[in-house]
Amino acid sequence: MEVVKVGMADLKVVKYPNNLTTLGLGSCVGIALYDKKTKIAGLVHIMLPNSKEIKKNSNKAKFADTGIQELIKEMEKIGAIKRNIVAKIAGGAQMFNFNTKNSILRIGERNAISARENLKKLKIPIIADDTGGNFGRTIELRTEDGILKVKTIGHGVTEI
């Protein structure tokens with residue numbers, strides 16, 4: 001069993017028995033997709049909500065809109081079936097306290113909203129959501145059962 005690391009603005013797919021992990025989700029969102037029939041899992045660590053707002057957008061994994069689509073494509077290449085895929089999302093924290101109502105600074109919240117909207121468009125149900133707050137997270141997705149382990153500093157470990 002190997003634990004495959006997913007970097008920032010990166011995505012990976014694995015089959016059982018391998019697992020996926022991504023470290024240091026602050027305002028970024030980890031989107032974990034899982035097909036329980038094939039035990040194929042995918043994880044994307046998105047940094048920004050929308051590729052259309054940025055000129056340098058060649059890295060599909062950096063954005064919620066293109067990252068989720070790319071992840072599904074990669075999972076299907078190794079045998080996942082889209083209608084069997086479910087999602088769990090984590091991250092999207094507000095890491096800094098801005099005394100402003102400017103939504104451009106609320107990147108964590110915008111990332112989480114964009115992840116939810118894009119998954120809904122693609123008809124991928126979100127079965128667990130651990131987003132928001134003001135603390136970072138590290139997540140690990142188990143292919144054996146689709147459990148997403150969320151580790152936080154000062155808030156313990158939960159499994160969703």
# chains A, B, ... in the order shown; residues from 1 in each chain; ligands from 1
>>> residues_around(residues="A:Leu11", least_positions_apart="4", cutoff="12 Å", atoms="only C-alpha atoms", output="PDB file with N, CA and C atoms, in the first residue's frame")
ATOM      1  N   VAL A   4      -0.095   8.144  -1.889  1.00  0.00           N
ATOM      2  CA  VAL A   4       0.350   9.041  -2.966  1.00  0.00           C
ATOM      3  C   VAL A   4       0.064  10.484  -2.559  1.00  0.00           C
ATOM      4  N   LYS A   5       1.114  11.311  -2.605  1.00  0.00           N
ATOM      5  CA  LYS A   5       0.969  12.723  -2.217  1.00  0.00           C
ATOM      6  C   LYS A   5       0.471  13.549  -3.400  1.00  0.00           C
ATOM      7  N   VAL A   6      -0.499  14.399  -3.112  1.00  0.00           N
ATOM      8  CA  VAL A   6      -1.019  15.345  -4.093  1.00  0.00           C
ATOM      9  C   VAL A   6      -0.547  16.722  -3.647  1.00  0.00           C
ATOM     10  N   GLY A   7       0.186  17.396  -4.507  1.00  0.00           N
ATOM     11  CA  GLY A   7       0.698  18.722  -4.175  1.00  0.00           C
ATOM     12  C   GLY A   7      -0.359  19.794  -4.354  1.00  0.00           C
ATOM     13  N   LEU A  20      -4.586   8.333  -1.018  1.00  0.00           N
ATOM     14  CA  LEU A  20      -4.176   9.669  -1.462  1.00  0.00           C
ATOM     15  C   LEU A  20      -4.133  10.610  -0.271  1.00  0.00           C
ATOM     16  N   THR A  21      -3.191  11.556  -0.295  1.00  0.00           N
ATOM     17  CA  THR A  21      -3.135  12.556   0.760  1.00  0.00           C
ATOM     18  C   THR A  21      -2.740  13.906   0.180  1.00  0.00           C
ATOM     19  N   THR A  22      -3.194  14.969   0.805  1.00  0.00           N
ATOM     20  CA  THR A  22      -2.710  16.306   0.491  1.00  0.00           C
ATOM     21  C   THR A  22      -2.548  17.060   1.799  1.00  0.00           C
ATOM     22  N   VAL A  29      -9.000  23.989  -1.378  1.00  0.00           N
ATOM     23  CA  VAL A  29      -9.982  22.947  -1.104  1.00  0.00           C
ATOM     24  C   VAL A  29      -9.488  21.637  -1.710  1.00  0.00           C
ATOM     25  N   GLY A  30      -9.558  20.595  -0.900  1.00  0.00           N
ATOM     26  CA  GLY A  30      -9.272  19.249  -1.390  1.00  0.00           C
ATOM     27  C   GLY A  30     -10.588  18.615  -1.788  1.00  0.00           C
ATOM     28  N   ILE A  31     -10.666  18.169  -3.036  1.00  0.00           N
ATOM     29  CA  ILE A  31     -11.879  17.536  -3.539  1.00  0.00           C
ATOM     30  C   ILE A  31     -11.548  16.069  -3.770  1.00  0.00           C
ATOM     31  N   ALA A  32     -12.146  15.211  -2.939  1.00  0.00           N
ATOM     32  CA  ALA A  32     -11.890  13.776  -2.984  1.00  0.00           C
ATOM     33  C   ALA A  32     -13.062  13.092  -3.669  1.00  0.00           C
ATOM     34  N   LEU A  33     -12.771  12.378  -4.738  1.00  0.00           N
ATOM     35  CA  LEU A  33     -13.799  11.637  -5.473  1.00  0.00           C
ATOM     36  C   LEU A  33     -13.536  10.152  -5.309  1.00  0.00           C
ATOM     37  N   ALA A  41     -10.025   6.076  -6.600  1.00  0.00           N
ATOM     38  CA  ALA A  41     -10.145   7.359  -5.906  1.00  0.00           C
ATOM     39  C   ALA A  41      -9.345   8.419  -6.644  1.00  0.00           C
ATOM     40  N   GLY A  42      -9.801   9.655  -6.511  1.00  0.00           N
ATOM     41  CA  GLY A  42      -9.089  10.790  -7.091  1.00  0.00           C
ATOM     42  C   GLY A  42      -9.113  11.943  -6.107  1.00  0.00           C
ATOM     43  N   LEU A  43      -8.043  12.736  -6.133  1.00  0.00           N
ATOM     44  CA  LEU A  43      -7.960  13.880  -5.235  1.00  0.00           C
ATOM     45  C   LEU A  43      -7.341  15.047  -5.990  1.00  0.00           C
ATOM     46  N   VAL A  44      -7.997  16.205  -5.904  1.00  0.00           N
ATOM     47  CA  VAL A  44      -7.461  17.428  -6.503  1.00  0.00           C
ATOM     48  C   VAL A  44      -7.363  18.480  -5.409  1.00  0.00           C
ATOM     49  N   HIS A  45      -6.245  19.215  -5.410  1.00  0.00           N
ATOM     50  CA  HIS A  45      -5.979  20.269  -4.418  1.00  0.00           C
ATOM     51  C   HIS A  45      -6.087  21.600  -5.169  1.00  0.00           C
ATOM     52  N   ILE A  46      -7.283  22.198  -5.128  1.00  0.00           N
ATOM     53  CA  ILE A  46      -7.514  23.424  -5.907  1.00  0.00           C
ATOM     54  C   ILE A  46      -7.150  24.659  -5.088  1.00  0.00           C
ATOM     55  N   MET A  47      -6.648  25.664  -5.796  1.00  0.00           N
ATOM     56  CA  MET A  47      -6.236  26.917  -5.154  1.00  0.00           C
ATOM     57  C   MET A  47      -7.198  28.061  -5.412  1.00  0.00           C
ATOM     58  N   ASN A  59      -2.688  25.255 -15.899  1.00  0.00           N
ATOM     59  CA  ASN A  59      -2.723  24.157 -14.936  1.00  0.00           C
ATOM     60  C   ASN A  59      -4.169  23.913 -14.509  1.00  0.00           C
ATOM     61  N   LYS A  60      -4.777  22.876 -15.091  1.00  0.00           N
ATOM     62  CA  LYS A  60      -6.188  22.578 -14.816  1.00  0.00           C
ATOM     63  C   LYS A  60      -6.445  22.265 -13.344  1.00  0.00           C
ATOM     64  N   ALA A  61      -5.478  21.671 -12.659  1.00  0.00           N
ATOM     65  CA  ALA A  61      -5.672  21.249 -11.265  1.00  0.00           C
ATOM     66  C   ALA A  61      -5.725  22.427 -10.293  1.00  0.00           C
ATOM     67  N   LYS A  62      -5.367  23.602 -10.749  1.00  0.00           N
ATOM     68  CA  LYS A  62      -5.326  24.776  -9.875  1.00  0.00           C
ATOM     69  C   LYS A  62      -6.724  25.323  -9.562  1.00  0.00           C
ATOM     70  N   PHE A  63      -7.693  25.021 -10.406  1.00  0.00           N
ATOM     71  CA  PHE A  63      -9.020  25.647 -10.343  1.00  0.00           C
ATOM     72  C   PHE A  63     -10.122  24.619 -10.106  1.00  0.00           C
ATOM     73  N   ALA A  64     -11.168  25.015  -9.387  1.00  0.00           N
ATOM     74  CA  ALA A  64     -12.292  24.111  -9.117  1.00  0.00           C
ATOM     75  C   ALA A  64     -12.970  23.666 -10.414  1.00  0.00           C
ATOM     76  N   THR A  66     -12.007  23.465 -13.687  1.00  0.00           N
ATOM     77  CA  THR A  66     -11.268  22.569 -14.578  1.00  0.00           C
ATOM     78  C   THR A  66     -10.684  21.368 -13.828  1.00  0.00           C
ATOM     79  N   GLY A  67     -10.343  21.542 -12.561  1.00  0.00           N
ATOM     80  CA  GLY A  67      -9.735  20.462 -11.781  1.00  0.00           C
ATOM     81  C   GLY A  67     -10.658  19.278 -11.584  1.00  0.00           C
ATOM     82  N   ILE A  68     -11.921  19.558 -11.262  1.00  0.00           N
ATOM     83  CA  ILE A  68     -12.881  18.471 -11.027  1.00  0.00           C
ATOM     84  C   ILE A  68     -13.127  17.697 -12.326  1.00  0.00           C
ATOM     85  N   GLN A  69     -13.300  18.418 -13.423  1.00  0.00           N
ATOM     86  CA  GLN A  69     -13.528  17.750 -14.724  1.00  0.00           C
ATOM     87  C   GLN A  69     -12.340  16.870 -15.097  1.00  0.00           C
ATOM     88  N   GLU A  70     -11.138  17.397 -14.917  1.00  0.00           N
ATOM     89  CA  GLU A  70      -9.915  16.658 -15.243  1.00  0.00           C
ATOM     90  C   GLU A  70      -9.781  15.415 -14.359  1.00  0.00           C
ATOM     91  N   LEU A  71     -10.123  15.560 -13.086  1.00  0.00           N
ATOM     92  CA  LEU A  71     -10.034  14.438 -12.144  1.00  0.00           C
ATOM     93  C   LEU A  71     -10.976  13.308 -12.557  1.00  0.00           C
ATOM     94  N   ILE A  72     -12.193  13.652 -12.925  1.00  0.00           N
ATOM     95  CA  ILE A  72     -13.159  12.636 -13.371  1.00  0.00           C
ATOM     96  C   ILE A  72     -12.622  11.922 -14.615  1.00  0.00           C
ATOM     97  N   LYS A  73     -12.088  12.704 -15.555  1.00  0.00           N
ATOM     98  CA  LYS A  73     -11.521  12.138 -16.781  1.00  0.00           C
ATOM     99  C   LYS A  73     -10.417  11.119 -16.464  1.00  0.00           C
ATOM    100  N   GLU A  74      -9.518  11.493 -15.545  1.00  0.00           N
ATOM    101  CA  GLU A  74      -8.405  10.607 -15.169  1.00  0.00           C
ATOM    102  C   GLU A  74      -8.915   9.346 -14.457  1.00  0.00           C
ATOM    103  N   MET A  75      -9.947   9.490 -13.626  1.00  0.00           N
ATOM    104  CA  MET A  75     -10.518   8.326 -12.940  1.00  0.00           C
ATOM    105  C   MET A  75     -11.179   7.377 -13.935  1.00  0.00           C
TER     106      MET A  75
END
>>> closest_atom_pairs(of="stretch 7-63 of chain A", to="stretch 103-125 of chain A", cutoff="7 Å", atoms="only C-alpha atoms", output="Markdown table")
| residue | atom | partner | partner_atom | distance |
| --- | --- | --- | --- | --- |
| A:Ser27 | CA | A:Gly108 | CA | 3.9 |
| A:Cys28 | CA | A:Gly108 | CA | 6.1 |
| A:Val29 | CA | A:Asn111 | CA | 6.4 |
| A:Leu48 | CA | A:Asn111 | CA | 5.9 |
| A:Pro49 | CA | A:Asn111 | CA | 4.6 |
>>> select_by_dssp(residues="stretch 86-143 of chain A", states="strand (DSSP E or B)", output="NGL selection string")
:A and (86-91 or 126-131 or 137-141)
>>> closest_atom_pairs(of="stretch 8-105 of chain A", to="stretch 130-145 of chain A", cutoff="8 Å", atoms="only C-alpha atoms", output="Markdown table")
| residue | atom | partner | partner_atom | distance |
| --- | --- | --- | --- | --- |
| A:Val14 | CA | A:Thr143 | CA | 8.0 |
| A:Lys15 | CA | A:Thr143 | CA | 6.7 |
| A:Tyr16 | CA | A:Thr143 | CA | 5.1 |
| A:Pro17 | CA | A:Thr143 | CA | 6.2 |
| A:Asn18 | CA | A:Thr143 | CA | 6.5 |
| A:Asn19 | CA | A:Arg142 | CA | 5.0 |
| A:Leu20 | CA | A:Leu141 | CA | 5.2 |
| A:Thr21 | CA | A:Glu140 | CA | 4.2 |
| A:Thr22 | CA | A:Ile139 | CA | 5.6 |
| A:Leu23 | CA | A:Thr138 | CA | 4.5 |
| A:Gly24 | CA | A:Thr138 | CA | 5.3 |
| A:Leu25 | CA | A:Arg137 | CA | 5.0 |
| A:Gly26 | CA | A:Gly136 | CA | 4.5 |
| A:Ser27 | CA | A:Gly136 | CA | 7.9 |
| A:Val29 | CA | A:Thr131 | CA | 7.9 |
| A:Gly30 | CA | A:Ile139 | CA | 7.7 |
| A:Ala32 | CA | A:Leu141 | CA | 7.0 |
| A:Tyr34 | CA | A:Thr143 | CA | 7.6 |
| A:Lys36 | CA | A:Asp145 | CA | 7.1 |
| A:Lys39 | CA | A:Thr143 | CA | 5.5 |
| A:Ile40 | CA | A:Thr143 | CA | 6.6 |
| A:Ala41 | CA | A:Thr143 | CA | 6.1 |
| A:Leu43 | CA | A:Leu141 | CA | 7.9 |
| A:Ile89 | CA | A:Asp130 | CA | 6.2 |
| A:Ala90 | CA | A:Asp130 | CA | 4.6 |
| A:Gly91 | CA | A:Thr131 | CA | 4.8 |
| A:Gly92 | CA | A:Gly132 | CA | 5.2 |
| A:Ala93 | CA | A:Gly132 | CA | 4.4 |
| A:Gln94 | CA | A:Asn134 | CA | 4.8 |
| A:Met95 | CA | A:Asn134 | CA | 5.0 |
| A:Phe96 | CA | A:Asn134 | CA | 7.5 |
>>> write_last_selection(atoms="N, CA and C atoms", output="PDB file, in the first residue's frame")
ATOM      1  N   VAL A  14      -5.768   6.928  -7.951  1.00  0.00           N
ATOM      2  CA  VAL A  14      -5.208   5.639  -7.556  1.00  0.00           C
ATOM      3  C   VAL A  14      -6.326   4.604  -7.468  1.00  0.00           C
ATOM      4  N   LYS A  15      -5.887   3.336  -7.470  1.00  0.00           N
ATOM      5  CA  LYS A  15      -6.796   2.214  -7.223  1.00  0.00           C
ATOM      6  C   LYS A  15      -6.425   1.601  -5.885  1.00  0.00           C
ATOM      7  N   TYR A  16      -7.391   0.900  -5.274  1.00  0.00           N
ATOM      8  CA  TYR A  16      -7.121   0.139  -4.067  1.00  0.00           C
ATOM      9  C   TYR A  16      -5.935  -0.785  -4.328  1.00  0.00           C
ATOM     10  N   PRO A  17      -4.979  -0.928  -3.408  1.00  0.00           N
ATOM     11  CA  PRO A  17      -4.971  -0.537  -1.997  1.00  0.00           C
ATOM     12  C   PRO A  17      -4.302   0.819  -1.714  1.00  0.00           C
ATOM     13  N   ASN A  18      -3.913   1.556  -2.746  1.00  0.00           N
ATOM     14  CA  ASN A  18      -3.212   2.826  -2.522  1.00  0.00           C
ATOM     15  C   ASN A  18      -4.158   3.919  -2.040  1.00  0.00           C
ATOM     16  N   ASN A  19      -3.628   4.830  -1.237  1.00  0.00           N
ATOM     17  CA  ASN A  19      -4.404   5.948  -0.713  1.00  0.00           C
ATOM     18  C   ASN A  19      -3.830   7.260  -1.220  1.00  0.00           C
ATOM     19  N   LEU A  20      -4.586   8.333  -1.018  1.00  0.00           N
ATOM     20  CA  LEU A  20      -4.176   9.669  -1.462  1.00  0.00           C
ATOM     21  C   LEU A  20      -4.133  10.610  -0.271  1.00  0.00           C
ATOM     22  N   THR A  21      -3.191  11.556  -0.295  1.00  0.00           N
ATOM     23  CA  THR A  21      -3.135  12.556   0.760  1.00  0.00           C
ATOM     24  C   THR A  21      -2.740  13.906   0.180  1.00  0.00           C
ATOM     25  N   THR A  22      -3.194  14.969   0.805  1.00  0.00           N
ATOM     26  CA  THR A  22      -2.710  16.306   0.491  1.00  0.00           C
ATOM     27  C   THR A  22      -2.548  17.060   1.799  1.00  0.00           C
ATOM     28  N   LEU A  23      -1.485  17.839   1.876  1.00  0.00           N
ATOM     29  CA  LEU A  23      -1.091  18.519   3.103  1.00  0.00           C
ATOM     30  C   LEU A  23      -1.415  20.001   3.025  1.00  0.00           C
ATOM     31  N   GLY A  24      -1.675  20.569   4.183  1.00  0.00           N
ATOM     32  CA  GLY A  24      -1.734  22.016   4.302  1.00  0.00           C
ATOM     33  C   GLY A  24      -2.823  22.707   3.502  1.00  0.00           C
ATOM     34  N   LEU A  25      -4.042  22.201   3.594  1.00  0.00           N
ATOM     35  CA  LEU A  25      -5.163  22.907   2.978  1.00  0.00           C
ATOM     36  C   LEU A  25      -5.534  24.079   3.880  1.00  0.00           C
ATOM     37  N   GLY A  26      -5.316  25.281   3.408  1.00  0.00           N
ATOM     38  CA  GLY A  26      -5.771  26.473   4.123  1.00  0.00           C
ATOM     39  C   GLY A  26      -7.007  26.966   3.407  1.00  0.00           C
ATOM     40  N   SER A  27      -6.841  28.012   2.582  1.00  0.00           N
ATOM     41  CA  SER A  27      -7.966  28.480   1.771  1.00  0.00           C
ATOM     42  C   SER A  27      -8.201  27.552   0.575  1.00  0.00           C
ATOM     43  N   VAL A  29      -9.000  23.989  -1.378  1.00  0.00           N
ATOM     44  CA  VAL A  29      -9.982  22.947  -1.104  1.00  0.00           C
ATOM     45  C   VAL A  29      -9.488  21.637  -1.710  1.00  0.00           C
ATOM     46  N   GLY A  30      -9.558  20.595  -0.900  1.00  0.00           N
ATOM     47  CA  GLY A  30      -9.272  19.249  -1.390  1.00  0.00           C
ATOM     48  C   GLY A  30     -10.588  18.615  -1.788  1.00  0.00           C
ATOM     49  N   ALA A  32     -12.146  15.211  -2.939  1.00  0.00           N
ATOM     50  CA  ALA A  32     -11.890  13.776  -2.984  1.00  0.00           C
ATOM     51  C   ALA A  32     -13.062  13.092  -3.669  1.00  0.00           C
ATOM     52  N   TYR A  34     -14.621   9.378  -5.209  1.00  0.00           N
ATOM     53  CA  TYR A  34     -14.467   7.952  -4.934  1.00  0.00           C
ATOM     54  C   TYR A  34     -15.569   7.150  -5.619  1.00  0.00           C
ATOM     55  N   LYS A  36     -16.998   3.551  -5.231  1.00  0.00           N
ATOM     56  CA  LYS A  36     -16.883   2.414  -4.307  1.00  0.00           C
ATOM     57  C   LYS A  36     -16.943   1.061  -5.010  1.00  0.00           C
ATOM     58  N   LYS A  39     -13.345   0.905  -6.405  1.00  0.00           N
ATOM     59  CA  LYS A  39     -12.352   1.349  -5.415  1.00  0.00           C
ATOM     60  C   LYS A  39     -11.270   2.215  -6.067  1.00  0.00           C
ATOM     61  N   ILE A  40     -11.725   3.069  -6.983  1.00  0.00           N
ATOM     62  CA  ILE A  40     -10.842   4.049  -7.613  1.00  0.00           C
ATOM     63  C   ILE A  40     -11.113   5.400  -6.949  1.00  0.00           C
ATOM     64  N   ALA A  41     -10.025   6.076  -6.600  1.00  0.00           N
ATOM     65  CA  ALA A  41     -10.145   7.359  -5.906  1.00  0.00           C
ATOM     66  C   ALA A  41      -9.345   8.419  -6.644  1.00  0.00           C
ATOM     67  N   LEU A  43      -8.043  12.736  -6.133  1.00  0.00           N
ATOM     68  CA  LEU A  43      -7.960  13.880  -5.235  1.00  0.00           C
ATOM     69  C   LEU A  43      -7.341  15.047  -5.990  1.00  0.00           C
ATOM     70  N   ILE A  89     -15.459  16.975   0.376  1.00  0.00           N
ATOM     71  CA  ILE A  89     -14.606  18.150   0.232  1.00  0.00           C
ATOM     72  C   ILE A  89     -14.155  18.650   1.603  1.00  0.00           C
ATOM     73  N   ALA A  90     -12.942  19.207   1.629  1.00  0.00           N
ATOM     74  CA  ALA A  90     -12.398  19.736   2.880  1.00  0.00           C
ATOM     75  C   ALA A  90     -11.479  20.910   2.566  1.00  0.00           C
ATOM     76  N   GLY A  91     -11.371  21.816   3.522  1.00  0.00           N
ATOM     77  CA  GLY A  91     -10.508  22.989   3.351  1.00  0.00           C
ATOM     78  C   GLY A  91     -11.355  24.248   3.293  1.00  0.00           C
ATOM     79  N   GLY A  92     -10.935  25.182   2.456  1.00  0.00           N
ATOM     80  CA  GLY A  92     -11.704  26.413   2.273  1.00  0.00           C
ATOM     81  C   GLY A  92     -11.762  27.280   3.515  1.00  0.00           C
ATOM     82  N   ALA A  93     -10.682  27.278   4.276  1.00  0.00           N
ATOM     83  CA  ALA A  93     -10.657  28.074   5.510  1.00  0.00           C
ATOM     84  C   ALA A  93     -10.389  29.544   5.207  1.00  0.00           C
ATOM     85  N   GLN A  94     -10.765  30.387   6.155  1.00  0.00           N
ATOM     86  CA  GLN A  94     -10.435  31.810   6.112  1.00  0.00           C
ATOM     87  C   GLN A  94      -9.227  31.949   7.033  1.00  0.00           C
ATOM     88  N   MET A  95      -8.030  31.919   6.430  1.00  0.00           N
ATOM     89  CA  MET A  95      -6.810  31.842   7.231  1.00  0.00           C
ATOM     90  C   MET A  95      -6.396  33.181   7.832  1.00  0.00           C
ATOM     91  N   PHE A  96      -6.854  34.253   7.253  1.00  0.00           N
ATOM     92  CA  PHE A  96      -6.466  35.583   7.749  1.00  0.00           C
ATOM     93  C   PHE A  96      -7.721  36.378   8.006  1.00  0.00           C
TER      94      PHE A  96
END
>>> residues_around(residues="A:Thr158", least_positions_apart="3", cutoff="8 Å", atoms="only C-alpha atoms", output="PDB file with N, CA and C atoms, in the first residue's frame")
ATOM      1  N   LYS A 149      -9.977  11.012   6.013  1.00  0.00           N
ATOM      2  CA  LYS A 149      -9.473  11.384   7.338  1.00  0.00           C
ATOM      3  C   LYS A 149      -9.013  12.832   7.259  1.00  0.00           C
ATOM      4  N   VAL A 150      -9.556  13.674   8.155  1.00  0.00           N
ATOM      5  CA  VAL A 150      -9.232  15.103   8.176  1.00  0.00           C
ATOM      6  C   VAL A 150      -8.473  15.397   9.469  1.00  0.00           C
ATOM      7  N   LYS A 151      -7.203  15.819   9.312  1.00  0.00           N
ATOM      8  CA  LYS A 151      -6.378  16.161  10.476  1.00  0.00           C
ATOM      9  C   LYS A 151      -6.252  17.674  10.542  1.00  0.00           C
TER      10      LYS A 151
END
>>> atom_distance(atom1="atom CA of A:Asn97", atom2="atom CA of A:Asn50")
22.8 Å
>>> atom_distance(atom1="atom CA of A:Ala87", atom2="atom CA of A:Leu148")
10.0 Å
>>> select_by_dssp(residues="stretch 93-152 of chain A", states="alpha helix (DSSP H)", output="count of residues only")
15
>>> atom_distance(atom1="atom CA of A:Glu159", atom2="atom CA of A:Asp35")
17.7 Å
